[in-house]
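Colleague: Supplied structure: run_2.cif, mmCIF, C-alpha atoms and all ligand atoms.
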data_data
loop_
_atom_site.label_atom_id
_atom_site.label_comp_id
_atom_site.auth_asym_id
_atom_site.auth_seq_id
_atom_site.Cartn_x
_atom_site.Cartn_y
_atom_site.Cartn_z
CA MET R 23 -19.21 -25.78 72.59
CA LYS R 24 -20.59 -28.40 70.32
CA ILE R 25 -18.81 -26.93 67.38
CA PHE R 26 -15.49 -27.01 69.19
CA LYS R 27 -15.85 -30.70 70.00
CA LEU R 28 -16.64 -31.55 66.42
CA ASN R 29 -13.51 -29.76 65.19
CA ALA R 30 -11.32 -31.48 67.74
CA TYR R 31 -12.59 -34.83 66.57
CA LYS R 32 -11.91 -33.92 62.97
CA GLU R 33 -8.33 -32.96 63.71
CA TYR R 34 -7.86 -36.19 65.62
CA SER R 35 -9.19 -38.29 62.76
CA ILE R 36 -6.88 -36.65 60.25
CA PHE R 37 -3.96 -37.58 62.49
CA ILE R 38 -5.03 -41.25 62.56
CA TRP R 39 -5.39 -41.31 58.81
CA LEU R 40 -1.93 -39.87 58.33
CA ILE R 41 -0.39 -42.65 60.45
CA LEU R 42 -2.32 -45.29 58.57
CA ILE R 43 -1.30 -43.95 55.18
CA THR R 44 2.35 -43.77 56.20
CA LEU R 45 2.33 -47.34 57.46
CA ALA R 46 0.65 -48.56 54.30
CA GLY R 47 3.24 -46.73 52.23
CA VAL R 48 6.16 -48.34 54.02
CA PHE R 49 4.56 -51.75 53.68
CA ILE R 50 3.88 -51.41 49.96
CA SER R 51 7.31 -50.06 49.09
CA THR R 52 9.01 -52.93 50.93
CA ILE R 53 7.11 -55.48 48.90
CA TYR R 54 7.77 -53.50 45.75
CA SER R 55 11.53 -53.24 46.22
CA SER R 56 11.94 -56.92 47.00
CA ASN R 57 9.96 -57.70 43.87
CA LYS R 58 11.97 -55.23 41.90
CA GLU R 59 15.20 -56.92 42.89
CA LYS R 60 13.86 -60.25 41.70
CA GLU R 61 12.64 -58.64 38.50
CA TYR R 62 16.04 -57.04 37.91
CA GLU R 63 17.86 -60.37 38.31
CA LYS R 64 15.49 -61.91 35.83
CA ILE R 65 16.03 -59.17 33.25
CA LYS R 66 19.79 -59.31 33.77
CA SER R 67 19.98 -63.03 33.15
CA THR R 68 17.82 -62.70 30.07
CA LEU R 69 20.01 -59.93 28.69
CA ASP R 70 23.11 -62.03 29.25
CA ASN R 71 21.61 -64.74 27.14
CA ILE R 72 23.66 -64.99 23.94
CA TYR R 73 20.68 -66.00 21.89
CA LEU R 74 18.77 -62.86 22.83
CA LYS R 75 21.81 -60.72 22.10
CA LYS R 76 21.86 -62.11 18.58
CA THR R 77 18.17 -61.56 18.16
CA LEU R 78 18.45 -57.94 19.29
CA LYS R 79 21.19 -57.34 16.78
CA GLU R 80 19.06 -58.73 14.03
CA ILE R 81 16.10 -56.65 15.09
CA SER R 82 18.12 -53.44 15.19
CA GLN R 83 19.59 -54.18 11.76
CA ASN R 84 16.17 -54.64 10.38
CA LEU R 85 15.20 -51.34 11.93
CA ASP R 86 17.38 -49.53 9.39
CA PRO R 87 14.69 -48.76 6.86
CA ARG R 88 15.00 -50.35 3.50
CA TYR R 89 13.72 -47.26 1.72
CA GLU R 90 15.06 -43.83 2.41
CA THR R 91 14.07 -40.47 0.96
CA VAL R 92 16.52 -37.64 0.46
CA TYR R 93 15.41 -34.08 -0.28
CA TYR R 94 17.48 -31.34 -1.85
CA ILE R 95 16.80 -27.74 -2.87
CA SER R 96 19.14 -26.33 -5.50
CA LYS R 97 21.30 -23.36 -4.56
CA SER R 98 23.15 -20.89 -6.72
CA GLY R 99 26.22 -22.52 -8.19
CA ASP R 100 24.68 -25.98 -8.26
CA THR R 101 24.53 -28.06 -11.42
CA ILE R 102 22.67 -31.30 -12.10
CA GLN R 103 26.12 -32.91 -12.12
CA SER R 104 27.11 -31.53 -8.71
CA ILE R 105 23.81 -32.52 -7.11
CA ILE R 106 23.99 -36.09 -8.40
CA ASP R 107 27.68 -36.32 -7.49
CA ASN R 108 26.78 -35.68 -3.87
CA LEU R 109 24.45 -38.68 -3.68
CA LYS R 110 25.83 -41.79 -2.01
CA ILE R 111 25.55 -44.03 -5.06
CA ASN R 112 28.10 -45.63 -7.37
CA ASN R 113 29.50 -43.86 -10.44
CA GLN R 114 27.64 -46.03 -12.90
CA GLU R 115 24.34 -45.08 -11.32
CA LYS R 116 25.33 -41.41 -11.20
CA LYS R 117 25.97 -41.48 -14.94
CA LEU R 118 22.58 -43.03 -15.62
CA LEU R 119 20.81 -40.41 -13.51
CA ILE R 120 22.57 -37.48 -15.16
CA LYS R 121 21.85 -38.90 -18.64
CA THR R 122 18.19 -39.37 -17.71
CA ILE R 123 17.74 -35.87 -16.31
CA LYS R 124 19.53 -34.14 -19.19
CA LYS R 125 17.07 -35.70 -21.65
CA VAL R 126 14.34 -33.51 -20.16
CA ASP R 127 14.39 -30.07 -21.80
CA SER R 128 13.25 -28.12 -18.77
CA PHE R 129 16.24 -29.33 -16.78
CA ARG R 130 18.89 -28.18 -19.25
CA ILE R 131 19.29 -25.04 -17.15
CA LEU R 132 19.04 -25.57 -13.44
CA LYS R 133 17.17 -22.89 -11.53
CA ILE R 134 17.77 -22.09 -7.89
CA ASN R 135 15.26 -23.29 -5.29
CA GLN R 136 14.33 -26.24 -7.47
CA LYS R 137 13.22 -29.19 -5.35
CA PHE R 138 14.66 -32.68 -5.69
CA LYS R 139 13.43 -35.83 -4.00
CA PHE R 140 15.27 -39.13 -4.26
CA LYS R 141 13.98 -42.45 -3.01
CA PHE R 142 16.66 -45.02 -2.24
CA ASP R 143 16.42 -48.76 -1.82
CA ASN R 144 19.23 -49.49 0.61
CA ILE R 145 19.29 -53.21 -0.15
CA SER R 146 19.59 -52.96 -3.90
CA ASP R 147 22.87 -52.29 -5.74
CA GLN R 148 21.29 -49.67 -7.93
CA LYS R 149 19.90 -47.62 -5.12
CA VAL R 150 17.67 -44.95 -6.67
CA VAL R 151 14.25 -46.42 -7.37
CA GLU R 152 12.43 -43.18 -7.92
CA PHE R 153 13.09 -39.47 -7.96
CA THR R 154 11.19 -36.30 -8.70
CA ILE R 155 12.34 -32.85 -9.76
CA GLU R 156 10.14 -29.80 -9.61
CA THR R 157 9.83 -27.92 -12.89
CA ASP R 158 8.03 -25.08 -11.16
CA LYS R 159 6.00 -24.74 -7.99
CA LYS R 160 2.98 -26.46 -9.54
CA ASN R 161 4.59 -29.17 -11.69
CA GLU R 162 7.14 -31.87 -11.22
CA ILE R 163 8.58 -34.72 -13.20
CA GLN R 164 8.69 -38.15 -11.68
CA PHE R 165 11.34 -40.64 -12.77
CA SER R 166 10.64 -44.25 -11.81
CA LYS R 167 13.07 -47.08 -12.31
CA ASN R 168 11.97 -49.49 -14.93
CA LEU R 169 13.09 -52.68 -13.23
CA ASN R 170 13.32 -54.78 -16.38
CA LYS R 171 15.45 -52.29 -18.24
CA ASN R 172 18.22 -50.18 -16.89
CA ARG R 173 16.39 -46.91 -17.34
CA PHE R 174 13.86 -44.58 -15.78
CA ASP R 175 10.34 -43.90 -17.00
CA THR R 176 9.31 -40.27 -16.78
CA LYS R 177 5.93 -38.89 -15.92
CA LYS R 178 4.74 -35.30 -15.62
CA ILE R 179 2.85 -34.67 -12.41
CA LYS R 180 0.70 -31.66 -11.77
CA LYS R 181 0.66 -30.76 -8.14
CA ASN R 182 -2.79 -29.83 -7.09
CA PHE R 183 -1.74 -26.56 -5.49
CA LYS R 184 -3.43 -23.25 -5.71
CA LYS R 185 -1.21 -20.18 -5.80
CA ASN R 186 -2.27 -17.34 -3.53
CA LEU R 187 -0.72 -13.92 -3.28
CA VAL R 188 -0.43 -12.90 0.31
CA TYR R 189 -0.06 -9.39 1.64
CA LYS R 190 1.30 -8.77 5.13
CA GLU R 191 2.28 -5.59 6.89
CA THR R 192 3.31 -4.69 10.38
CA ILE R 193 5.04 -2.22 12.62
CA ILE R 194 8.18 -3.71 14.12
CA THR R 195 7.80 -3.80 17.87
CA ASN R 196 10.35 -6.35 18.92
CA SER R 197 12.68 -7.66 16.21
CA LEU R 198 11.93 -7.79 12.52
CA TYR R 199 12.14 -11.58 12.63
CA ASN R 200 9.71 -11.91 15.54
CA SER R 201 7.30 -9.42 14.03
CA ALA R 202 7.31 -11.40 10.79
CA ILE R 203 6.82 -14.74 12.57
CA ASP R 204 3.93 -13.24 14.55
CA LEU R 205 2.28 -12.39 11.23
CA GLY R 206 2.56 -16.01 10.16
CA ILE R 207 5.26 -15.41 7.58
CA LYS R 208 7.28 -18.56 7.00
CA PRO R 209 11.00 -18.43 7.97
CA ASN R 210 12.24 -19.04 4.42
CA VAL R 211 10.35 -15.94 3.24
CA ILE R 212 11.94 -13.90 6.04
CA ILE R 213 15.39 -15.18 5.11
CA GLU R 214 14.81 -14.20 1.48
CA PHE R 215 13.56 -10.78 2.62
CA ALA R 216 16.74 -10.25 4.66
CA ARG R 217 18.87 -11.37 1.71
CA LEU R 218 17.19 -8.84 -0.59
CA TYR R 219 17.98 -5.98 1.78
CA GLY R 220 21.40 -7.32 2.75
CA PHE R 221 23.34 -4.77 0.77
CA GLN R 222 21.61 -1.69 2.08
CA VAL R 223 20.43 -2.55 5.56
CA ASP R 224 22.32 -3.58 8.66
CA PHE R 225 19.53 -5.50 10.40
CA GLN R 226 21.29 -5.30 13.77
CA ARG R 227 21.55 -1.53 13.90
CA ASP R 228 19.35 0.05 11.23
CA VAL R 229 16.01 -1.47 12.16
CA TRP R 230 14.41 0.43 15.01
CA LYS R 231 11.27 -0.02 17.04
CA ASP R 232 8.26 1.41 15.17
CA ASP R 233 9.87 0.91 11.76
CA SER R 234 7.59 -1.07 9.48
CA PHE R 235 7.45 -3.35 6.50
CA GLN R 236 5.02 -4.53 3.85
CA ILE R 237 5.40 -7.68 1.81
CA ILE R 238 3.61 -9.55 -0.98
CA TYR R 239 4.63 -13.13 -1.62
CA GLU R 240 3.32 -16.33 -3.18
CA GLU R 241 1.85 -19.09 -1.09
CA PHE R 242 0.84 -22.56 -2.33
CA VAL R 243 -2.22 -24.14 -0.80
CA ASN R 244 -3.32 -27.78 -1.20
CA LYS R 245 -6.90 -28.93 -1.73
CA ASP R 246 -7.48 -28.99 2.05
CA GLY R 247 -6.55 -25.35 2.28
CA LEU R 248 -3.23 -25.99 3.98
CA VAL R 249 -0.20 -23.92 3.04
CA VAL R 250 2.27 -26.44 1.64
CA ASP R 251 4.90 -24.14 0.27
CA THR R 252 5.88 -20.56 -0.29
CA GLY R 253 7.04 -19.07 -3.53
CA GLU R 254 8.70 -15.84 -4.48
CA ILE R 255 8.51 -12.39 -2.98
CA ILE R 256 6.72 -10.04 -5.39
CA PHE R 257 7.08 -6.78 -3.53
CA THR R 258 8.50 -5.49 -0.28
CA ASN R 259 8.83 -2.18 1.40
CA LEU R 260 10.99 -1.68 4.43
CA SER R 261 10.35 1.66 6.07
CA LEU R 262 13.27 2.69 8.26
CA GLN R 263 12.95 5.93 10.22
CA ASN R 264 10.42 7.12 7.65
CA THR R 265 12.56 6.33 4.61
CA ASP R 266 10.99 3.77 2.28
CA PHE R 267 13.04 1.04 0.66
CA GLN R 268 10.76 -0.50 -1.95
CA LEU R 269 11.66 -3.51 -4.03
CA TYR R 270 9.76 -4.87 -7.01
CA LYS R 271 10.34 -8.29 -8.51
CA TYR R 272 10.94 -7.92 -12.22
CA GLU R 273 11.72 -10.45 -14.92
CA PHE R 274 14.01 -9.13 -17.62
CA GLU R 275 15.72 -10.60 -20.66
CA ASN R 276 15.13 -14.35 -20.73
CA ASN R 277 13.93 -15.65 -17.40
CA LYS R 278 16.30 -13.44 -15.45
CA THR R 279 14.62 -12.22 -12.30
CA ASP R 280 15.89 -9.53 -10.01
CA TYR R 281 14.57 -6.98 -7.58
CA PHE R 282 14.58 -3.29 -8.42
CA ASP R 283 13.77 -0.15 -6.48
CA GLU R 284 11.12 2.30 -7.69
CA ASN R 285 13.73 3.97 -9.95
CA GLY R 286 14.60 0.73 -11.74
CA LYS R 287 17.88 0.23 -9.91
CA SER R 288 18.84 -3.32 -9.02
CA VAL R 289 18.96 -4.32 -5.39
CA LYS R 290 22.43 -5.65 -6.08
CA LYS R 291 24.04 -2.33 -5.32
CA THR R 292 27.56 -1.60 -6.21
CA LEU R 293 29.91 1.09 -4.97
CA MET R 294 30.97 3.67 -7.52
CA LYS R 295 34.61 3.49 -8.48
CA THR R 296 34.64 7.21 -9.20
CA PRO R 297 32.17 9.13 -7.04
CA ILE R 298 32.82 12.36 -8.91
CA ASN R 299 32.21 13.55 -12.44
CA GLY R 300 34.79 15.24 -14.63
CA ALA R 301 37.76 14.43 -12.41
CA ARG R 302 41.19 13.10 -13.23
CA LEU R 303 42.73 10.25 -11.25
CA SER R 304 45.80 11.98 -9.82
CA SER R 305 47.18 9.46 -7.35
CA SER R 306 46.32 5.82 -7.03
CA PHE R 307 46.26 3.39 -4.13
CA GLY R 308 49.65 2.10 -2.94
CA ASN R 309 53.06 3.33 -1.78
CA ARG R 310 54.03 6.84 -2.78
CA LYS R 311 56.09 9.77 -1.62
CA HIS R 312 53.69 11.98 0.33
CA PRO R 313 53.47 15.40 -1.38
CA ILE R 314 53.49 17.32 1.92
CA LEU R 315 55.11 15.04 4.48
CA GLY R 316 57.90 14.24 1.99
CA TYR R 317 58.48 10.61 2.93
CA THR R 318 57.18 7.42 1.35
CA LYS R 319 53.92 6.36 2.88
CA MET R 320 51.15 4.00 1.96
CA HIS R 321 48.45 5.91 0.12
CA THR R 322 45.31 4.26 1.42
CA GLY R 323 42.93 5.85 -1.05
CA THR R 324 42.57 7.16 -4.57
CA ASP R 325 42.93 10.86 -5.42
CA PHE R 326 40.85 12.59 -8.05
CA ALA R 327 41.95 16.09 -9.04
CA ALA R 328 39.03 18.42 -9.77
CA PRO R 329 38.25 22.12 -9.42
CA THR R 330 37.11 23.38 -6.02
CA GLY R 331 33.34 23.13 -5.71
CA THR R 332 32.94 20.04 -7.95
CA PRO R 333 30.14 17.93 -6.41
CA ILE R 334 31.09 14.64 -4.73
CA MET R 335 28.55 11.82 -4.72
CA ALA R 336 27.82 9.05 -2.20
CA SER R 337 29.26 6.00 -3.94
CA GLY R 338 26.47 3.80 -2.59
CA ASP R 339 23.39 3.87 -0.39
CA GLY R 340 24.22 4.12 3.27
CA LYS R 341 24.32 6.05 6.48
CA VAL R 342 26.64 8.96 7.23
CA THR R 343 28.77 8.06 10.24
CA LYS R 344 30.91 11.20 10.14
CA ALA R 345 30.60 14.64 8.53
CA GLY R 346 33.21 16.90 10.09
CA TRP R 347 36.89 17.66 10.53
CA CYS R 348 39.25 14.69 10.14
CA GLY R 349 42.62 16.37 10.80
CA GLY R 350 44.87 15.66 7.77
CA GLY R 351 41.80 14.72 5.77
CA GLY R 352 40.26 18.16 6.34
CA ASN R 353 36.49 18.23 5.99
CA CYS R 354 35.49 14.63 5.46
CA VAL R 355 32.46 12.41 5.16
CA LYS R 356 32.36 8.76 6.13
CA ILE R 357 29.50 6.50 4.96
CA LYS R 358 28.63 3.03 6.20
CA HIS R 359 26.98 1.08 3.36
CA ASN R 360 26.45 -2.27 5.03
CA ASN R 361 28.21 -4.67 7.35
CA THR R 362 31.10 -4.99 4.94
CA TYR R 363 31.70 -1.65 3.24
CA GLN R 364 32.42 1.91 4.32
CA THR R 365 33.67 4.81 2.20
CA VAL R 366 35.54 8.00 3.11
CA TYR R 367 35.67 11.30 1.16
CA ALA R 368 38.31 13.82 2.27
CA HIS R 369 39.59 17.42 1.74
CA MET R 370 36.08 18.80 1.00
CA SER R 371 35.50 22.54 0.78
CA LYS R 372 31.99 22.12 2.15
CA PHE R 373 29.38 19.47 2.93
CA GLY R 374 26.29 18.67 0.90
CA ARG R 375 22.91 19.89 2.04
CA GLY R 376 21.58 17.91 5.02
CA ILE R 377 24.71 15.80 5.28
CA LYS R 378 25.41 15.16 8.93
CA LYS R 379 26.15 12.23 11.17
CA GLY R 380 23.20 9.81 11.09
CA SER R 381 21.65 10.98 7.81
CA ARG R 382 20.83 8.43 5.14
CA VAL R 383 22.15 8.84 1.65
CA LYS R 384 21.31 7.26 -1.68
CA GLN R 385 23.86 6.32 -4.29
CA GLY R 386 24.71 9.39 -6.39
CA GLN R 387 23.43 11.90 -3.83
CA ILE R 388 25.71 14.95 -3.40
CA ILE R 389 27.44 14.71 -0.04
CA GLY R 390 30.00 17.49 -0.43
CA TYR R 391 32.20 19.57 -2.74
CA VAL R 392 35.85 19.30 -3.73
CA GLY R 393 38.28 21.42 -1.73
CA SER R 394 41.80 21.40 -0.39
CA THR R 395 41.21 21.33 3.37
CA GLY R 396 43.60 19.46 5.70
CA LEU R 397 46.94 18.14 4.42
CA SER R 398 46.49 18.85 0.73
CA THR R 399 48.51 20.55 -2.01
CA GLY R 400 45.58 21.40 -4.27
CA PRO R 401 41.88 20.78 -4.77
CA HIS R 402 41.16 17.06 -5.03
CA LEU R 403 38.99 14.31 -3.63
CA HIS R 404 40.69 11.63 -1.57
CA TYR R 405 38.40 8.59 -1.75
CA GLU R 406 38.76 5.49 0.41
CA VAL R 407 36.92 2.18 0.42
CA ILE R 408 37.04 0.15 3.64
CA GLU R 409 36.17 -3.53 3.39
CA ASN R 410 35.69 -5.32 6.72
CA GLY R 411 37.71 -2.62 8.45
CA ARG R 412 40.60 -2.76 5.96
CA LYS R 413 41.35 -0.04 3.42
CA ILE R 414 41.31 -1.48 -0.09
CA ASN R 415 41.94 -0.24 -3.61
CA SER R 416 38.62 1.19 -4.80
CA GLN R 417 39.68 0.86 -8.43
CA LYS R 418 40.04 -2.90 -8.09
CA LEU R 419 36.77 -3.36 -6.22
CA LYS R 420 34.79 -6.33 -7.50
CA LEU R 421 31.13 -6.09 -6.61
CA PRO R 422 28.07 -7.38 -8.44
CA SER R 423 27.21 -4.83 -11.07
CA GLY R 424 24.12 -2.96 -10.02
CA LYS R 425 21.90 -3.12 -13.06
CA ILE R 426 19.92 -0.01 -13.89
CA LEU R 427 16.92 -0.52 -16.18
CA LYS R 428 17.02 1.86 -19.14
CA GLY R 429 15.07 2.58 -22.32
CA LYS R 430 12.58 -0.09 -23.39
CA GLU R 431 13.41 -2.23 -20.38
CA ARG R 432 12.66 0.68 -18.06
CA LYS R 433 9.26 1.23 -19.75
CA LYS R 434 8.38 -2.43 -19.30
CA PHE R 435 9.45 -2.21 -15.68
CA GLU R 436 7.24 0.86 -15.10
CA VAL R 437 4.23 -1.11 -16.39
CA GLU R 438 5.08 -4.04 -14.13
CA LYS R 439 5.52 -1.66 -11.20
CA ILE R 440 2.04 -0.19 -11.74
CA LYS R 441 0.57 -3.71 -11.91
CA ILE R 442 2.21 -4.58 -8.60
CA ASP R 443 1.04 -1.32 -7.01
CA VAL R 444 -2.54 -2.07 -8.13
CA LEU R 445 -2.24 -5.62 -6.81
CA LYS R 446 -0.99 -4.23 -3.52
CA SER R 447 -3.94 -1.85 -3.09
CA ASN R 448 -6.36 -4.68 -3.97
CA LEU R 449 -4.80 -6.95 -1.37
CA ILE R 450 -4.87 -4.16 1.23
CA THR R 451 -8.57 -3.57 0.51
CA LYS R 452 -9.27 -7.27 1.08
CA LEU R 453 -7.41 -7.04 4.38
CA ASN R 454 -9.80 -4.47 5.81
ZN ZN R 501 44.73 10.85 -1.10
#
When written as structure tokens, how does the structure in this file appear?
Modeller:
Amino acid sequence: MKIFKLNAYKEYSIFIWLILITLAGVFISTIYSSNKEKEYEKIKSTLDNIYLKKTLKEISQNLDPRYETVYYISKSGDTIQSIIDNLKINNQEKKLLIKTIKKVDSFRILKINQKFKFKFDNISDQKVVEFTIETDKKNEIQFSKNLNKNRFDTKKIKKNFKKNLVYKETIITNSLYNSAIDLGIKPNVIIEFARLYGFQVDFQRDVWKDDSFQIIYEEFVNKDGLVVDTGEIIFTNLSLQNTDFQLYKYEFENNKTDYFDENGKSVKKTLMKTPINGARLSSSFGNRKHPILGYTKMHTGTDFAAPTGTPIMASGDGKVTKAGWCGGGGNCVKIKHNNTYQTVYAHMSKFGRGIKKGSRVKQGQIIGYVGSTGLSTGPHLHYEVIENGRKINSQKLKLPSGKILKGKERKKFEVEKIKIDVLKSNLITKLN
């Protein structure tokens, strides 16, 4: 009984409190809104004041900072001239800058990914007061305006960065990009990675769950141990459905750097103009009278006459999208090389070993043998190159030449490859 009474009282008291709080709320908000109205009038009249308007304008003008810093990273195709030309300064100043930079030997040839920093004084006529250009990841040259004379003083500056080689590996669970980000790989390294594989891999379709990758790249750390920048990729391996695509960074000739697979073939893959040995070009791309149909028809490929059974090669790395009967084309193989290029090989007598829809092929791999199947008057290979869905003349194809390291160069590459492989196993050991 006692307990019941106590509870009833409690409920009652809560009710009283609620009424009180509500009343107080109404009271306070009434005072507040009447005050607010007064306040608003006051602000409005102040804002209408011409003098204040002027003052505000002055303040906002002064808010434009006097000094401004502009950063630029050189891309392929850039020159010192083109970079300076894009700055918002007058021609006289442009000339002075170009003259100043060209005096420095290391800037005679502009490299890609070279960092520029310009500091502008927006009030002065001659705007650039200071600028720096990176000579490499650890050094830069600073140019400061000598205010008495119309020239810049140069100073070499050593950045206090330590270069680390980082090894990362993972199994792709979600997307390649997300997996890489989860590992702490910086976006610019991922972009470079994607660029390196751009010719052979269609990242939308070829990368599956449980595929994996390994990567070694440079990282620059400041004295506080913070990563301030990333450098170049030294090695990568992208493993797609158990096929490895390894790339090694290799410097050849004078300061030319490229990425090569384990066989010394450049990543810049080309398509073969003639994917067959010992054949004779018998009919080129263009209009011609069809040998069987009899009327003039666009010939959308190139014909190579060769004896039945002559091996036909994949003209580039890729994935077989068709290996079967193509009607007029007889037995044919279609290969998708990347997002841009596909090739077709027709009239085959038989297919190469293991060539079926979905199989991966390497450039030069035998995909079939010359025959005369389908609409054909004699044994030949009908070869087509499709660029962005359009059939083009394979003999006029302009693609970056895929360098293959040979002789002395190949030997040097093999040594470099071993060094990188050793480095990789050392880094993996440290990981565990
Ligand atoms: Zn043909």
Colleague: Pick out the residues no farther than 7 Å from ligand ZN 501 (chain R), counting only C-alpha atoms and all ligand atoms, and list them as number ranges by chain.
Modeller: R: 305, 321, 323-325, 404-405
Colleague: Using only C-alpha atoms, give me every residue within 12 Å of (38.9, 14.2, -8.4) in file coordinates, as a PyMOL selection string.
Modeller: chain R and resi 295-306+323-335+367-370+391-394+400-405
Colleague: So what do you get for CA of Gln114 (chain R) versus CA of Phe165 (chain R), distance-wise?
Modeller: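 CA of Phe165 (chain R) lies at a distance of 17.2 Å from CA of Gln114 (chain R).
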Colleague: Can you pull out every residue within 7 Å of Ile377 (chain R), counting all atoms listed in the file, but drop anything in the same chain fewer than 3 positions away, and send it as a ChimeraX atom specification?
Modeller: /R:345,373-374,381,389
Colleague: Kindly export the residues of the current selection with C-alpha atoms, as a JSON list (two decimals), in the coordinates of the input.
Modeller:
[["chain", "number", "residue", "atom", "x", "y", "z"],
["R", 345, "ALA", "CA", 30.60, 14.64, 8.53],
["R", 373, "PHE", "CA", 29.38, 19.47, 2.93],
["R", 374, "GLY", "CA", 26.29, 18.67, 0.90],
["R", 381, "SER", "CA", 21.65, 10.98, 7.81],
["R", 389, "ILE", "CA", 27.44, 14.71, -0.04]]
Colleague: I want to know what sits within 10 Å of Thr101 (chain R), based on only C-alpha atoms, with residues of the same chain fewer than 4 positions away left out; could you give that as a list in words?
Modeller: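 Final neighbour list, sorted by chain and number: Ser96, Lys97, Ile105, Ile106, Asp107, Phe129, Arg130, Ile131, Leu132, Lys133 and Ile134 of chain R.
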Colleague: Excluding Asn144 (chain R) and residues on its chain fewer than 2 positions from it, collect all residues at most 12 Å away from it, counting only C-alpha atoms, and give them as JSON, numbers by chain.
Modeller: {"R": [84, 86, 87, 88, 89, 90, 91, 110, 111, 141, 142, 146, 147, 148, 149, 150, 151]}
Colleague: Given all atoms listed in the file as the basis, pick out the residue of R:Thr279, R:Asn210, R:Thr192, R:Ser416 nearest to Thr292 (chain R).
Modeller: R:Ser416
Colleague: Could you check the closest approach to Lys167 (chain R) for each of R:Leu119, R:Ser128, R:Ile145, R:Val366 and tell me which residue wins, using all atoms listed in the file?
Modeller: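 For Lys167 (chain R), the nearest of the candidates is R:Leu119.
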Colleague: Hey, which of R:Tyr189, R:Asp204, R:Asn113, R:Asn196 ends up closest to Tyr239 (chain R)? Count all atoms listed in the file.
Modeller: R:Tyr189
Colleague: Ranking R:Ala336, R:His359, R:Lys378, R:Thr322 by minimum distance to Arg412 (chain R) and counting only C-alpha atoms, which one comes first?
Modeller: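 Once distances to Arg412 (chain R) are computed over only C-alpha atoms, the minimum belongs to R:Thr322.
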Colleague: Could you tell me how far CA of Thr252 (chain R) lies from CA of Lys208 (chain R), in Å and to one decimal?
Modeller: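 Here the two named atoms are 7.7 Å from each other.
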Colleague: Counting only C-alpha atoms, which of R:Ile102, R:Glu162, R:Ile238, R:Gly220 gets nearest to Lys190 (chain R)?
Modeller: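 Checking each candidate against Lys190 (chain R), we get R:Ile238 as the closest.
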Colleague: Edge lengths and centre, in Å to one decimal, as lines of an AutoDock Vina configuration file: that's what I need for the box along x, y and z that holds all listed atoms of region 423-429 of chain R plus 4 Å on each side.
Modeller:
center_x = 21.1
center_y = -1.1
center_z = -16.2
size_x = 20.1
size_y = 15.4
size_z = 20.3
Colleague: Produce region 377-398 of chain R of the given structure as output with C-alpha atoms, as a PDB file, in the first residue's frame.
Modeller:
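Result saved to result_39.pdb:
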ATOM      1  CA  ILE R 377      42.627 -21.630 -76.840  1.00  0.00           C
ATOM      2  CA  LYS R 378      39.023 -21.208 -75.811  1.00  0.00           C
ATOM      3  CA  LYS R 379      36.721 -18.437 -74.742  1.00  0.00           C
ATOM      4  CA  GLY R 380      38.043 -16.870 -71.526  1.00  0.00           C
ATOM      5  CA  SER R 381      41.651 -18.056 -71.807  1.00  0.00           C
ATOM      6  CA  ARG R 382      44.460 -15.543 -71.452  1.00  0.00           C
ATOM      7  CA  VAL R 383      47.089 -15.242 -74.109  1.00  0.00           C
ATOM      8  CA  LYS R 384      50.489 -13.598 -74.270  1.00  0.00           C
ATOM      9  CA  GLN R 385      51.829 -11.770 -77.279  1.00  0.00           C
ATOM     10  CA  GLY R 386      53.350 -14.282 -79.708  1.00  0.00           C
ATOM     11  CA  GLN R 387      51.514 -17.292 -78.271  1.00  0.00           C
ATOM     12  CA  ILE R 388      50.133 -19.675 -80.937  1.00  0.00           C
ATOM     13  CA  ILE R 389      46.364 -19.337 -81.043  1.00  0.00           C
ATOM     14  CA  GLY R 390      45.620 -21.300 -84.208  1.00  0.00           C
ATOM     15  CA  TYR R 391      46.788 -22.486 -87.633  1.00  0.00           C
ATOM     16  CA  VAL R 392      46.198 -21.179 -91.142  1.00  0.00           C
ATOM     17  CA  GLY R 393      43.347 -22.789 -93.052  1.00  0.00           C
ATOM     18  CA  SER R 394      40.668 -22.000 -95.585  1.00  0.00           C
ATOM     19  CA  THR R 395      37.491 -22.464 -93.553  1.00  0.00           C
ATOM     20  CA  GLY R 396      34.409 -20.288 -94.187  1.00  0.00           C
ATOM     21  CA  LEU R 397      34.213 -18.023 -97.248  1.00  0.00           C
ATOM     22  CA  SER R 398      37.754 -18.440 -98.521  1.00  0.00           C
TER      23      SER R 398
END
